[in-house]
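Below is query04.pdb, which holds PDB, C-alpha atoms.
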```
ATOM      1  CA  MET A   1    -142.376  93.606  36.668
ATOM      2  CA  GLY A   2    -144.327  90.545  35.561
ATOM      3  CA  GLN A   3    -147.172  89.340  33.414
ATOM      4  CA  PRO A   4    -150.577  91.038  33.942
ATOM      5  CA  GLU A   5    -152.760  89.351  36.577
ATOM      6  CA  ASP A   6    -155.646  88.913  34.113
ATOM      7  CA  GLY A   7    -153.701  86.194  32.271
ATOM      8  CA  THR A   8    -152.815  88.236  29.201
ATOM      9  CA  VAL A   9    -149.278  87.919  27.865
ATOM     10  CA  LYS A  10    -147.189  91.013  27.315
ATOM     11  CA  ILE A  11    -143.819  90.835  25.559
ATOM     12  CA  GLU A  12    -141.796  93.504  27.343
ATOM     13  CA  ARG A  13    -139.665  95.603  24.990
ATOM     14  CA  PHE A  14    -136.352  95.111  26.737
ATOM     15  CA  ASP A  15    -134.737  95.521  23.302
ATOM     16  CA  ARG A  16    -135.878  99.133  23.178
ATOM     17  CA  VAL A  17    -134.507  99.888  26.637
ATOM     18  CA  VAL A  18    -131.138  98.504  25.488
ATOM     19  CA  ASN A  19    -131.369 100.608  22.313
ATOM     20  CA  GLU A  20    -132.042 103.731  24.380
ATOM     21  CA  PHE A  21    -128.977 103.100  26.520
ATOM     22  CA  VAL A  22    -126.779 102.309  23.494
ATOM     23  CA  HIS A  23    -127.972 105.481  21.748
ATOM     24  CA  THR A  24    -127.697 107.920  24.675
ATOM     25  CA  GLY A  25    -125.382 106.361  27.234
ATOM     26  CA  ASN A  26    -127.527 107.989  29.918
ATOM     27  CA  TYR A  27    -126.955 106.803  33.475
ATOM     28  CA  SER A  28    -130.735 106.675  33.959
ATOM     29  CA  SER A  29    -131.031 104.241  31.032
ATOM     30  CA  TRP A  30    -128.338 102.013  32.524
ATOM     31  CA  GLN A  31    -130.145 102.117  35.870
ATOM     32  CA  GLN A  32    -133.357 101.030  34.139
ATOM     33  CA  LEU A  33    -131.521  98.054  32.666
ATOM     34  CA  THR A  34    -129.885  96.967  35.902
ATOM     35  CA  ILE A  35    -132.771  97.748  38.282
ATOM     36  CA  ASP A  36    -135.891  96.983  36.204
ATOM     37  CA  TYR A  37    -134.313  94.208  34.111
ATOM     38  CA  PRO A  38    -131.499  92.717  36.219
ATOM     39  CA  GLN A  39    -131.899  89.094  35.091
ATOM     40  CA  GLU A  40    -132.477  90.029  31.469
ATOM     41  CA  THR A  41    -129.436  92.314  31.386
ATOM     42  CA  SER A  42    -127.272  89.730  33.111
ATOM     43  CA  LEU A  43    -128.302  86.992  30.660
ATOM     44  CA  LEU A  44    -127.714  89.243  27.649
ATOM     45  CA  VAL A  45    -124.313  90.525  28.746
ATOM     46  CA  GLU A  46    -122.917  87.384  30.345
ATOM     47  CA  ARG A  47    -124.512  84.407  28.579
ATOM     48  CA  VAL A  48    -125.706  85.565  25.168
ATOM     49  CA  LEU A  49    -123.083  88.129  24.168
ATOM     50  CA  GLN A  50    -120.366  86.927  26.587
ATOM     51  CA  LEU A  51    -119.017  90.433  27.119
ATOM     52  CA  GLY A  52    -118.118  90.027  30.789
ATOM     53  CA  THR A  53    -119.999  90.360  34.073
ATOM     54  CA  LEU A  54    -122.319  93.062  35.353
ATOM     55  CA  GLU A  55    -119.930  93.571  38.289
ATOM     56  CA  ASN A  56    -117.370  94.974  35.856
ATOM     57  CA  GLU A  57    -117.485  98.765  36.219
ATOM     58  CA  SER A  58    -116.953  99.318  32.486
ATOM     59  CA  ILE A  59    -119.468  96.710  31.262
ATOM     60  CA  GLY A  60    -121.937  99.410  30.211
ATOM     61  CA  ASP A  61    -119.344 100.990  27.948
ATOM     62  CA  THR A  62    -118.460  97.550  26.582
ATOM     63  CA  LEU A  63    -122.116  96.883  25.766
ATOM     64  CA  ARG A  64    -122.495 100.247  24.004
ATOM     65  CA  THR A  65    -119.326  99.737  21.960
ATOM     66  CA  PHE A  66    -120.455  96.266  20.950
ATOM     67  CA  PHE A  67    -123.921  97.312  19.752
ATOM     68  CA  ASN A  68    -122.627 100.439  18.004
ATOM     69  CA  ASP A  69    -120.918  98.229  15.431
ATOM     70  CA  SER A  70    -122.232  99.383  12.036
ATOM     71  CA  ALA A  71    -123.768  96.015  11.099
ATOM     72  CA  LEU A  72    -125.494  95.751  14.474
ATOM     73  CA  GLN A  73    -126.819  99.301  14.170
ATOM     74  CA  VAL A  74    -128.545  98.259  10.946
ATOM     75  CA  LEU A  75    -129.778  95.035  12.530
ATOM     76  CA  ARG A  76    -131.240  96.817  15.559
ATOM     77  CA  GLY A  77    -132.988  99.339  13.321
ATOM     78  CA  ASP A  78    -134.407  96.594  11.088
ATOM     79  CA  VAL A  79    -135.680  94.659  14.107
ATOM     80  CA  ASP A  80    -137.385  97.732  15.552
ATOM     81  CA  HIS A  81    -139.074  98.402  12.212
ATOM     82  CA  ARG A  82    -140.012  94.775  11.427
ATOM     83  CA  PHE A  83    -141.416  94.160  14.901
ATOM     84  CA  ALA A  84    -142.887  97.564  15.666
ATOM     85  CA  ASP A  85    -145.984  95.788  17.017
ATOM     86  CA  LEU A  86    -145.847  92.389  18.716
ATOM     87  CA  THR A  87    -149.582  92.094  19.423
ATOM     88  CA  VAL A  88    -150.137  89.122  17.100
ATOM     89  CA  PHE A  89    -147.320  87.166  18.768
ATOM     90  CA  GLU A  90    -148.572  88.088  22.230
ATOM     91  CA  LYS A  91    -152.001  86.680  21.391
ATOM     92  CA  ARG A  92    -150.512  83.447  20.038
ATOM     93  CA  LEU A  93    -148.327  83.067  23.116
ATOM     94  CA  GLN A  94    -151.249  83.794  25.407
ATOM     95  CA  GLY A  95    -153.323  80.993  23.896
ATOM     96  CA  ALA A  96    -150.411  78.557  24.021
ATOM     97  CA  LEU A  97    -149.456  79.345  27.613
ATOM     98  CA  ARG A  98    -153.055  79.098  28.770
ATOM     99  CA  SER A  99    -153.289  75.687  27.120
ATOM    100  CA  LEU A 100    -150.103  74.600  28.888
ATOM    101  CA  ALA A 101    -151.431  75.852  32.214
ATOM    102  CA  GLU A 102    -154.534  73.699  31.766
ATOM    103  CA  LYS A 103    -152.390  70.623  31.095
ATOM    104  CA  CYS A 104    -149.654  71.110  33.722
ATOM    105  CA  SER A 105    -150.518  71.266  37.411
ATOM    106  CA  ASP A 106    -147.562  73.386  38.579
ATOM    107  CA  PHE A 107    -147.295  75.604  35.509
ATOM    108  CA  GLU A 108    -146.281  79.230  36.010
ATOM    109  CA  THR A 109    -146.454  81.777  33.207
ATOM    110  CA  PRO A 110    -142.967  83.235  32.733
ATOM    111  CA  ARG A 111    -142.126  86.856  32.204
ATOM    112  CA  VAL A 112    -141.612  87.320  28.457
ATOM    113  CA  TYR A 113    -139.352  89.919  26.904
ATOM    114  CA  ALA A 114    -137.838  90.812  23.534
ATOM    115  CA  GLN A 115    -134.152  91.373  22.881
ATOM    116  CA  VAL A 116    -131.538  91.590  20.140
ATOM    117  CA  SER A 117    -128.917  88.879  20.547
ATOM    118  CA  ALA A 118    -126.529  89.835  17.726
ATOM    119  CA  LEU A 119    -127.670  86.702  15.880
ATOM    120  CA  ASN A 120    -126.764  84.409  18.768
ATOM    121  CA  GLN A 121    -129.393  82.506  20.778
ATOM    122  CA  SER A 122    -132.989  82.609  19.526
ATOM    123  CA  ILE A 123    -134.751  81.837  22.831
ATOM    124  CA  VAL A 124    -133.133  82.424  26.236
ATOM    125  CA  VAL A 125    -134.713  80.860  29.317
ATOM    126  CA  GLY A 126    -133.957  82.295  32.765
ATOM    127  CA  ASP A 127    -135.247  81.404  36.221
ATOM    128  CA  SER A 128    -138.698  82.885  35.627
ATOM    129  CA  THR A 129    -138.181  84.641  32.300
ATOM    130  CA  VAL A 130    -138.040  83.801  28.618
ATOM    131  CA  GLY A 131    -136.339  86.127  26.169
ATOM    132  CA  ILE A 132    -137.163  86.128  22.475
ATOM    133  CA  SER A 133    -134.327  87.289  20.230
ATOM    134  CA  LEU A 134    -136.257  89.092  17.527
ATOM    135  CA  ASP A 135    -133.170  89.327  15.325
ATOM    136  CA  LYS A 136    -133.362  85.542  14.792
ATOM    137  CA  TYR A 137    -136.865  85.775  13.246
ATOM    138  CA  MET A 138    -136.443  88.326  10.472
ATOM    139  CA  GLY A 139    -137.440  85.897   7.695
ATOM    140  CA  THR A 140    -135.553  83.576   5.360
ATOM    141  CA  ASP A 141    -134.784  86.351   2.861
ATOM    142  CA  TYR A 142    -133.306  88.828   5.336
ATOM    143  CA  PRO A 143    -130.054  89.997   3.629
ATOM    144  CA  LEU A 144    -127.770  89.788   6.665
ATOM    145  CA  TYR A 145    -128.676  86.131   7.206
ATOM    146  CA  ARG A 146    -127.118  85.162   3.874
ATOM    147  CA  LYS A 147    -123.724  86.221   5.190
ATOM    148  CA  TYR A 148    -123.817  84.048   8.302
ATOM    149  CA  PHE A 149    -126.330  81.216   7.860
ATOM    150  CA  THR A 150    -126.876  78.337   5.462
ATOM    151  CA  GLU A 151    -130.103  77.929   3.520
ATOM    152  CA  CYS A 152    -131.381  75.222   5.872
ATOM    153  CA  GLN A 153    -130.596  77.379   8.897
ATOM    154  CA  ARG A 154    -132.420  80.340   7.354
ATOM    155  CA  ALA A 155    -135.498  78.156   6.864
ATOM    156  CA  THR A 156    -135.864  78.002  10.663
ATOM    157  CA  MET A 157    -135.719  81.793  11.084
ATOM    158  CA  LYS A 158    -139.265  82.717  10.072
ATOM    159  CA  PRO A 159    -141.419  84.938  12.312
ATOM    160  CA  ASP A 160    -144.154  82.275  12.302
ATOM    161  CA  LEU A 161    -141.813  79.884  14.164
ATOM    162  CA  MET A 162    -141.311  82.235  17.105
ATOM    163  CA  VAL A 163    -144.064  80.840  19.346
ATOM    164  CA  GLN A 164    -143.238  77.258  18.406
ATOM    165  CA  ASP A 165    -139.571  77.776  19.363
ATOM    166  CA  PHE A 166    -140.595  79.559  22.552
ATOM    167  CA  LEU A 167    -142.571  76.527  23.698
ATOM    168  CA  ARG A 168    -139.849  74.047  22.762
ATOM    169  CA  PHE A 169    -137.107  75.881  24.625
ATOM    170  CA  TYR A 170    -139.295  76.652  27.634
ATOM    171  CA  LEU A 171    -140.513  73.068  28.014
ATOM    172  CA  ALA A 172    -136.997  71.696  27.524
ATOM    173  CA  ALA A 173    -135.737  73.978  30.299
ATOM    174  CA  LYS A 174    -138.644  73.177  32.613
ATOM    175  CA  TYR A 175    -138.531  69.402  31.991
ATOM    176  CA  PRO A 176    -134.874  68.624  31.149
ATOM    177  CA  PRO A 177    -133.554  65.084  30.629
ATOM    178  CA  ARG A 178    -132.070  63.941  33.927
ATOM    179  CA  ARG A 179    -130.736  60.454  33.227
ATOM    180  CA  VAL A 180    -127.227  59.700  31.990
ATOM    181  CA  SER A 181    -128.716  57.426  29.328
ATOM    182  CA  ASP A 182    -130.516  60.430  27.844
ATOM    183  CA  ARG A 183    -127.288  61.139  25.977
ATOM    184  CA  THR A 184    -127.816  58.268  23.527
ATOM    185  CA  LEU A 185    -129.447  58.767  20.156
ATOM    186  CA  MET A 186    -132.572  56.735  21.001
ATOM    187  CA  GLU A 187    -133.146  58.592  24.258
ATOM    188  CA  ARG A 188    -132.681  61.928  22.480
ATOM    189  CA  ILE A 189    -135.164  60.845  19.810
ATOM    190  CA  LEU A 190    -137.727  59.996  22.483
ATOM    191  CA  TYR A 191    -137.074  63.133  24.514
ATOM    192  CA  SER A 192    -137.226  65.418  21.483
ATOM    193  CA  GLY A 193    -140.353  63.575  20.330
ATOM    194  CA  LYS A 194    -141.978  64.133  23.720
ATOM    195  CA  ILE A 195    -141.306  67.876  23.798
ATOM    196  CA  ASN A 196    -142.418  68.399  20.203
ATOM    197  CA  TRP A 197    -145.517  66.205  20.646
ATOM    198  CA  VAL A 198    -146.628  68.438  23.522
ATOM    199  CA  VAL A 199    -145.939  71.577  21.461
ATOM    200  CA  ALA A 200    -148.083  70.202  18.630
ATOM    201  CA  LYS A 201    -150.948  69.522  21.052
ATOM    202  CA  VAL A 202    -150.660  72.953  22.659
ATOM    203  CA  LEU A 203    -150.710  74.684  19.270
ATOM    204  CA  ASP A 204    -153.405  72.352  17.929
ATOM    205  CA  LYS A 205    -151.206  71.307  14.999
ATOM    206  CA  SER A 206    -150.837  67.952  13.310
ATOM    207  CA  LEU A 207    -147.667  66.090  14.210
ATOM    208  CA  ILE A 208    -146.352  66.258  10.661
ATOM    209  CA  ASP A 209    -146.876  70.024  10.490
ATOM    210  CA  GLU A 210    -145.072  70.492  13.803
ATOM    211  CA  ALA A 211    -142.166  68.337  12.660
ATOM    212  CA  THR A 212    -141.484  69.789   9.207
ATOM    213  CA  LEU A 213    -141.182  73.052   7.314
ATOM    214  CA  CYS A 214    -142.312  72.054   3.808
ATOM    215  CA  GLU A 215    -144.520  69.631   1.886
ATOM    216  CA  GLU A 216    -141.542  67.838   0.321
ATOM    217  CA  ALA A 217    -140.264  66.909   3.783
ATOM    218  CA  ARG A 218    -143.709  65.711   4.839
ATOM    219  CA  ASP A 219    -143.789  63.394   1.850
ATOM    220  CA  TRP A 220    -140.268  62.137   2.504
ATOM    221  CA  TYR A 221    -141.030  61.398   6.155
ATOM    222  CA  ARG A 222    -144.129  59.388   5.300
ATOM    223  CA  GLU A 223    -142.533  57.452   2.455
ATOM    224  CA  ASN A 224    -139.336  56.583   4.334
ATOM    225  CA  GLU A 225    -140.519  56.020   7.905
ATOM    226  CA  PRO A 226    -139.964  52.201   7.832
ATOM    227  CA  LYS A 227    -136.440  52.594   6.430
ATOM    228  CA  VAL A 228    -135.594  55.346   8.891
ATOM    229  CA  TRP A 229    -136.888  53.394  11.894
ATOM    230  CA  LYS A 230    -134.943  50.297  10.843
ATOM    231  CA  ALA A 231    -131.727  52.331  10.765
ATOM    232  CA  LEU A 232    -132.328  54.318  13.963
ATOM    233  CA  SER A 233    -133.397  51.310  16.018
ATOM    234  CA  GLY A 234    -130.462  49.165  14.903
ATOM    235  CA  GLU A 235    -127.577  48.414  17.264
ATOM    236  CA  GLU A 236    -125.188  50.587  15.259
ATOM    237  CA  LEU A 237    -127.102  53.817  15.885
ATOM    238  CA  ARG A 238    -129.515  53.582  18.797
ATOM    239  CA  ASN A 239    -126.870  53.643  21.555
ATOM    240  CA  THR A 240    -124.463  56.111  19.991
ATOM    241  CA  SER A 241    -123.670  59.269  21.955
ATOM    242  CA  ASP A 242    -121.963  61.007  19.026
ATOM    243  CA  SER A 243    -123.344  64.553  19.338
ATOM    244  CA  THR A 244    -122.660  65.410  15.685
ATOM    245  CA  LEU A 245    -124.543  62.335  14.496
ATOM    246  CA  ILE A 246    -127.418  63.012  16.902
ATOM    247  CA  PHE A 247    -127.693  66.584  15.594
ATOM    248  CA  SER A 248    -127.727  65.317  11.998
ATOM    249  CA  VAL A 249    -130.682  63.049  12.817
ATOM    250  CA  LEU A 250    -132.762  65.433  14.940
ATOM    251  CA  SER A 251    -132.204  68.978  13.719
ATOM    252  CA  LEU A 252    -134.071  70.819  10.979
ATOM    253  CA  ALA A 253    -130.996  73.031  10.646
ATOM    254  CA  ALA A 254    -128.501  70.198  10.051
ATOM    255  CA  GLU A 255    -126.260  71.066   7.121
ATOM    256  CA  HIS A 256    -125.436  67.385   6.556
ATOM    257  CA  PRO A 257    -128.393  65.171   7.553
ATOM    258  CA  TYR A 258    -127.694  61.523   8.343
ATOM    259  CA  PHE A 259    -130.114  60.364   5.654
ATOM    260  CA  LYS A 260    -128.681  62.049   2.598
ATOM    261  CA  ASP A 261    -131.873  63.460   1.106
ATOM    262  CA  ILE A 262    -132.171  67.148   2.005
ATOM    263  CA  TYR A 263    -135.784  66.635   3.066
ATOM    264  CA  SER A 264    -134.768  64.122   5.741
ATOM    265  CA  ARG A 265    -133.659  66.833   8.165
ATOM    266  CA  GLY A 266    -135.409  66.477  11.514
ATOM    267  CA  VAL A 267    -136.793  63.018  10.763
ATOM    268  CA  GLY A 268    -135.518  61.676  14.085
ATOM    269  CA  THR A 269    -137.767  64.104  15.947
ATOM    270  CA  TRP A 270    -140.693  63.018  13.746
ATOM    271  CA  ILE A 271    -140.054  59.375  14.642
ATOM    272  CA  GLY A 272    -139.939  60.342  18.313
ATOM    273  CA  MET A 273    -143.258  62.161  17.999
ATOM    274  CA  ARG A 274    -144.809  59.118  16.308
ATOM    275  CA  ILE A 275    -143.638  56.876  19.173
ATOM    276  CA  ILE A 276    -144.969  59.273  21.820
ATOM    277  CA  ASN A 277    -148.266  59.527  19.967
ATOM    278  CA  ALA A 278    -148.577  55.737  19.882
ATOM    279  CA  TYR A 279    -147.835  55.594  23.598
ATOM    280  CA  MET A 280    -150.411  58.256  24.482
ATOM    281  CA  GLU A 281    -153.076  56.638  22.291
ATOM    282  CA  SER A 282    -152.510  53.290  24.014
ATOM    283  CA  HIS A 283    -152.450  54.906  27.477
ATOM    284  CA  PRO A 284    -155.414  57.321  27.449
ATOM    285  CA  ASP A 285    -155.255  57.823  31.221
ATOM    286  CA  VAL A 286    -151.765  59.342  31.049
ATOM    287  CA  THR A 287    -151.904  63.143  31.207
ATOM    288  CA  VAL A 288    -149.630  65.597  29.434
ATOM    289  CA  ASP A 289    -148.329  66.588  32.858
ATOM    290  CA  GLU A 290    -147.382  62.984  33.634
ATOM    291  CA  LEU A 291    -145.767  62.574  30.219
ATOM    292  CA  LEU A 292    -143.578  65.634  30.726
ATOM    293  CA  GLN A 293    -142.548  64.412  34.165
ATOM    294  CA  THR A 294    -141.431  61.036  32.780
ATOM    295  CA  ASP A 295    -137.711  60.373  33.229
ATOM    296  CA  ASP A 296    -137.373  56.893  31.721
ATOM    297  CA  HIS A 297    -138.071  57.466  28.043
ATOM    298  CA  ALA A 298    -137.159  53.889  27.127
ATOM    299  CA  VAL A 299    -140.344  52.779  28.906
ATOM    300  CA  LEU A 300    -142.364  54.983  26.560
ATOM    301  CA  LEU A 301    -140.934  53.109  23.588
ATOM    302  CA  GLU A 302    -141.401  49.681  25.154
ATOM    303  CA  GLN A 303    -145.036  50.372  26.014
ATOM    304  CA  SER A 304    -145.966  52.351  22.900
ATOM    305  CA  GLY A 305    -146.736  49.570  20.448
ATOM    306  CA  TYR A 306    -145.258  51.832  17.787
ATOM    307  CA  ALA A 307    -145.016  50.487  14.261
ATOM    308  CA  PRO A 308    -143.905  52.477  11.174
ATOM    309  CA  LEU A 309    -146.551  53.533   8.676
TER     310      LEU A 309
END
```
Show how you would write the structure in this file as structure tokens.
Amino acid sequence: MGQPEDGTVKIERFDRVVNEFVHTGNYSSWQQLTIDYPQETSLLVERVLQLGTLENESIGDTLRTFFNDSALQVLRGDVDHRFADLTVFEKRLQGALRSLAEKCSDFETPRVYAQVSALNQSIVVGDSTVGISLDKYMGTDYPLYRKYFTECQRATMKPDLMVQDFLRFYLAAKYPPRRVSDRTLMERILYSGKINWVVAKVLDKSLIDEATLCEEARDWYRENEPKVWKALSGEELRNTSDSTLIFSVLSLAAEHPYFKDIYSRGVGTWIGMRIINAYMESHPDVTVDELLQTDDHAVLLEQSGYAPL
């Protein structure tokens, strides 16, 4: 199986094949999973759900028992109802992937499929596949989310963010940081800024709209950019490799952001996007492809001419 040759994007309903097997336990349904969807089934069982390996003779029974949990039965039913038709998301993905193909010389459209991850990973990238966990995009008011996720985490679980997340995860997997120094806060800011800058261009969004989820955060970013840059570029922070601190600076889902205002979440990524934008504006001959291939992100900062608003 693969994407249609005419360039259209089809989100394969792997989730429904899993549901059929969980419901019936038929050997033919298990064969469909392991023969038609070997990579997808392996990723779900081994990496996402961590139930064991496909080589285990009883792994099918383990998978059925797991998904027949009462809460997961409700979740699977809600997902099937909420996302009965994925056409609108397929069209958005198609436009985005075509735009990426135009910008990247060696771009290959991945096989795209839907799954239920039991509220684990939202986007799962394989060798030539990308899985979208529909259960992570049920909307901020979905009742089950209130039991397991904070308010700021739920804000990132809107259906409208599905394509945006898809691109972020896919680009990060295709163009991963490869230098040891990429573990520092400043390198992570620049790397995250690069990936999100490309996503904004592909989706034809403003940088501020790509970086934030609400108008209050947009205002906070603009008003506090000089203060934020002064702190992030200082010796105390820029070279830290503290993963908790880095998450607090970069993530929209951080429960405790580094800058105490609740609207400061994700501001590090915004700063990174601003630096990348300054670099690209001052280097008009650099292509998106070349930007994504860049390993030394410190050079992007040095040659950007970035200055806070």
Would you list the contacts of range 228-233 of chain A as a ChimeraX atom specification, taking every protein, DNA or RNA residue within 9 Å and counting all atoms listed in the file, but skipping same-chain residues closer than 5 positions in sequence? /A:185-186,221,238-239,249,259,267-268,271,307-308
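The shortest atom-to-atom distance to Leu119 in chain A, with all atoms listed in the file taken into account, belongs to A:Asp135 out of A:Asp135, A:Asp204, A:Asp15, A:Asp242.
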Determine the nearest neighbour of Ala173 in chain A from the options A:Asp160, A:Glu281, A:Asp127, A:Glu46, counting all atoms listed in the file. A:Asp127
On this structure, which residues satisfy the PyMOL selection byres ((chain A and resi 34) around 12), written as an mmCIF file with C-alpha atoms, in the coordinates of the input?
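And here's part16.cif as it stands now:
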```
data_model
loop_
_atom_site.group_PDB
_atom_site.id
_atom_site.type_symbol
_atom_site.label_atom_id
_atom_site.label_comp_id
_atom_site.auth_asym_id
_atom_site.auth_seq_id
_atom_site.Cartn_x
_atom_site.Cartn_y
_atom_site.Cartn_z
ATOM 1 C CA PHE A 14 -136.352 95.111 26.737
ATOM 2 C CA VAL A 17 -134.507 99.888 26.637
ATOM 3 C CA VAL A 18 -131.138 98.504 25.488
ATOM 4 C CA PHE A 21 -128.977 103.100 26.520
ATOM 5 C CA TYR A 27 -126.955 106.803 33.475
ATOM 6 C CA SER A 28 -130.735 106.675 33.959
ATOM 7 C CA SER A 29 -131.031 104.241 31.032
ATOM 8 C CA TRP A 30 -128.338 102.013 32.524
ATOM 9 C CA GLN A 31 -130.145 102.117 35.870
ATOM 10 C CA GLN A 32 -133.357 101.030 34.139
ATOM 11 C CA LEU A 33 -131.521 98.054 32.666
ATOM 12 C CA ILE A 35 -132.771 97.748 38.282
ATOM 13 C CA ASP A 36 -135.891 96.983 36.204
ATOM 14 C CA TYR A 37 -134.313 94.208 34.111
ATOM 15 C CA PRO A 38 -131.499 92.717 36.219
ATOM 16 C CA GLN A 39 -131.899 89.094 35.091
ATOM 17 C CA GLU A 40 -132.477 90.029 31.469
ATOM 18 C CA THR A 41 -129.436 92.314 31.386
ATOM 19 C CA SER A 42 -127.272 89.730 33.111
ATOM 20 C CA LEU A 43 -128.302 86.992 30.660
ATOM 21 C CA LEU A 44 -127.714 89.243 27.649
ATOM 22 C CA VAL A 45 -124.313 90.525 28.746
ATOM 23 C CA LEU A 54 -122.319 93.062 35.353
ATOM 24 C CA GLU A 55 -119.930 93.571 38.289
ATOM 25 C CA ILE A 59 -119.468 96.710 31.262
ATOM 26 C CA GLY A 60 -121.937 99.410 30.211
#
```
Each residue of range 53-141 of chain A with at least one atom at most 10 Å from range 194-200 of chain A should appear once, together with its nearest atom pair and the corresponding distance in Å (one decimal); atoms considered: all atoms listed in the file; ordering: chain, then increasing residue number; output as a Markdown table.
```
| residue | atom | partner | partner_atom | distance |
| --- | --- | --- | --- | --- |
| A:Ala96 | CA | A:Val199 | CA | 8.7 |
| A:Leu100 | CA | A:Val198 | CA | 8.9 |
| A:Lys103 | CA | A:Val198 | CA | 9.8 |
```
Explicit residues for the PyMOL selection byres ((chain A and resi 85) around 12) (as a count of residues only): 18
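What separates CA of Phe169 in chain A from CA of Cys214 in chain A is a distance of 21.8 Å.
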Calculate, to one decimal in Å, the centre and edge lengths of the box along x, y and z of the file that holds all listed atoms of range 146-157 of chain A with 6 Å of margin on each side, and present them as lines of an AutoDock Vina configuration file.
```
center_x = -129.8
center_y = 80.7
center_z = 7.3
size_x = 24.1
size_y = 23.0
size_z = 19.6
```
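Near (-146.3, 55.4, 28.9), the residues inside the 8 Å limit, counting all atoms listed in the file, come to Tyr279, Met280, His283, Val286, Leu291, Val299, Leu300, Leu301, Gln303 and Ser304 of chain A.
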Neighbours of Ala217 in chain A within 8 Å (only C-alpha atoms; same-chain residues fewer than 6 positions away dropped), as a PDB file with C-alpha atoms, in the coordinates of the input?
```pdb
ATOM      1  CA  TYR A 263    -135.784  66.635   3.066  1.00  0.00           C
ATOM      2  CA  SER A 264    -134.768  64.122   5.741  1.00  0.00           C
ATOM      3  CA  ARG A 265    -133.659  66.833   8.165  1.00  0.00           C
TER       4      ARG A 265
END
```
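Among the candidates A:Gly234, A:Pro110, A:Gly272, A:Pro176, the residue lying nearest to Leu207 in chain A is A:Gly272 (atoms considered: only C-alpha atoms).
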Because the input lacks atoms here, generate N, CA, C and O atoms for range 252-263 of chain A and report them as an mmCIF file, in the coordinates of the input.
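So the final result, stored in out33.cif, reads:
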```cif
data_model
loop_
_atom_site.group_PDB
_atom_site.id
_atom_site.type_symbol
_atom_site.label_atom_id
_atom_site.label_comp_id
_atom_site.auth_asym_id
_atom_site.auth_seq_id
_atom_site.Cartn_x
_atom_site.Cartn_y
_atom_site.Cartn_z
ATOM 1 N N LEU A 252 -133.620 70.272 12.257
ATOM 2 C CA LEU A 252 -134.071 70.819 10.979
ATOM 3 C C LEU A 252 -133.007 71.706 10.347
ATOM 4 O O LEU A 252 -133.078 72.004 9.152
ATOM 5 N N ALA A 253 -132.036 72.137 11.148
ATOM 6 C CA ALA A 253 -130.996 73.031 10.646
ATOM 7 C C ALA A 253 -129.697 72.304 10.321
ATOM 8 O O ALA A 253 -128.687 72.946 10.038
ATOM 9 N N ALA A 254 -129.721 70.959 10.331
ATOM 10 C CA ALA A 254 -128.501 70.198 10.051
ATOM 11 C C ALA A 254 -128.040 70.429 8.618
ATOM 12 O O ALA A 254 -128.806 70.233 7.675
ATOM 13 N N GLU A 255 -126.795 70.833 8.455
ATOM 14 C CA GLU A 255 -126.260 71.066 7.121
ATOM 15 C C GLU A 255 -126.054 69.735 6.387
ATOM 16 O O GLU A 255 -126.250 69.641 5.183
ATOM 17 N N HIS A 256 -125.680 68.699 7.144
ATOM 18 C CA HIS A 256 -125.436 67.385 6.556
ATOM 19 C C HIS A 256 -126.284 66.342 7.289
ATOM 20 O O HIS A 256 -125.811 65.716 8.245
ATOM 21 N N PRO A 257 -127.532 66.138 6.875
ATOM 22 C CA PRO A 257 -128.393 65.171 7.553
ATOM 23 C C PRO A 257 -127.863 63.748 7.409
ATOM 24 O O PRO A 257 -127.181 63.425 6.432
ATOM 25 N N TYR A 258 -128.183 62.899 8.384
ATOM 26 C CA TYR A 258 -127.694 61.523 8.343
ATOM 27 C C TYR A 258 -128.222 60.784 7.120
ATOM 28 O O TYR A 258 -127.485 60.092 6.422
ATOM 29 N N PHE A 259 -129.516 60.931 6.867
ATOM 30 C CA PHE A 259 -130.114 60.364 5.654
ATOM 31 C C PHE A 259 -129.939 61.415 4.564
ATOM 32 O O PHE A 259 -130.391 62.539 4.706
ATOM 33 N N LYS A 260 -129.277 61.061 3.486
ATOM 34 C CA LYS A 260 -128.681 62.049 2.598
ATOM 35 C C LYS A 260 -129.662 62.994 1.908
ATOM 36 O O LYS A 260 -129.294 64.090 1.501
ATOM 37 N N ASP A 261 -130.906 62.577 1.752
ATOM 38 C CA ASP A 261 -131.873 63.460 1.106
ATOM 39 C C ASP A 261 -132.051 64.735 1.932
ATOM 40 O O ASP A 261 -132.171 64.682 3.160
ATOM 41 N N ILE A 262 -132.081 65.880 1.276
ATOM 42 C CA ILE A 262 -132.171 67.148 2.005
ATOM 43 C C ILE A 262 -133.470 67.272 2.798
ATOM 44 O O ILE A 262 -133.531 67.989 3.792
ATOM 45 N N TYR A 263 -134.498 66.549 2.379
ATOM 46 C CA TYR A 263 -135.784 66.635 3.066
ATOM 47 C C TYR A 263 -135.871 65.699 4.269
ATOM 48 O O TYR A 263 -136.909 65.613 4.919
#
```
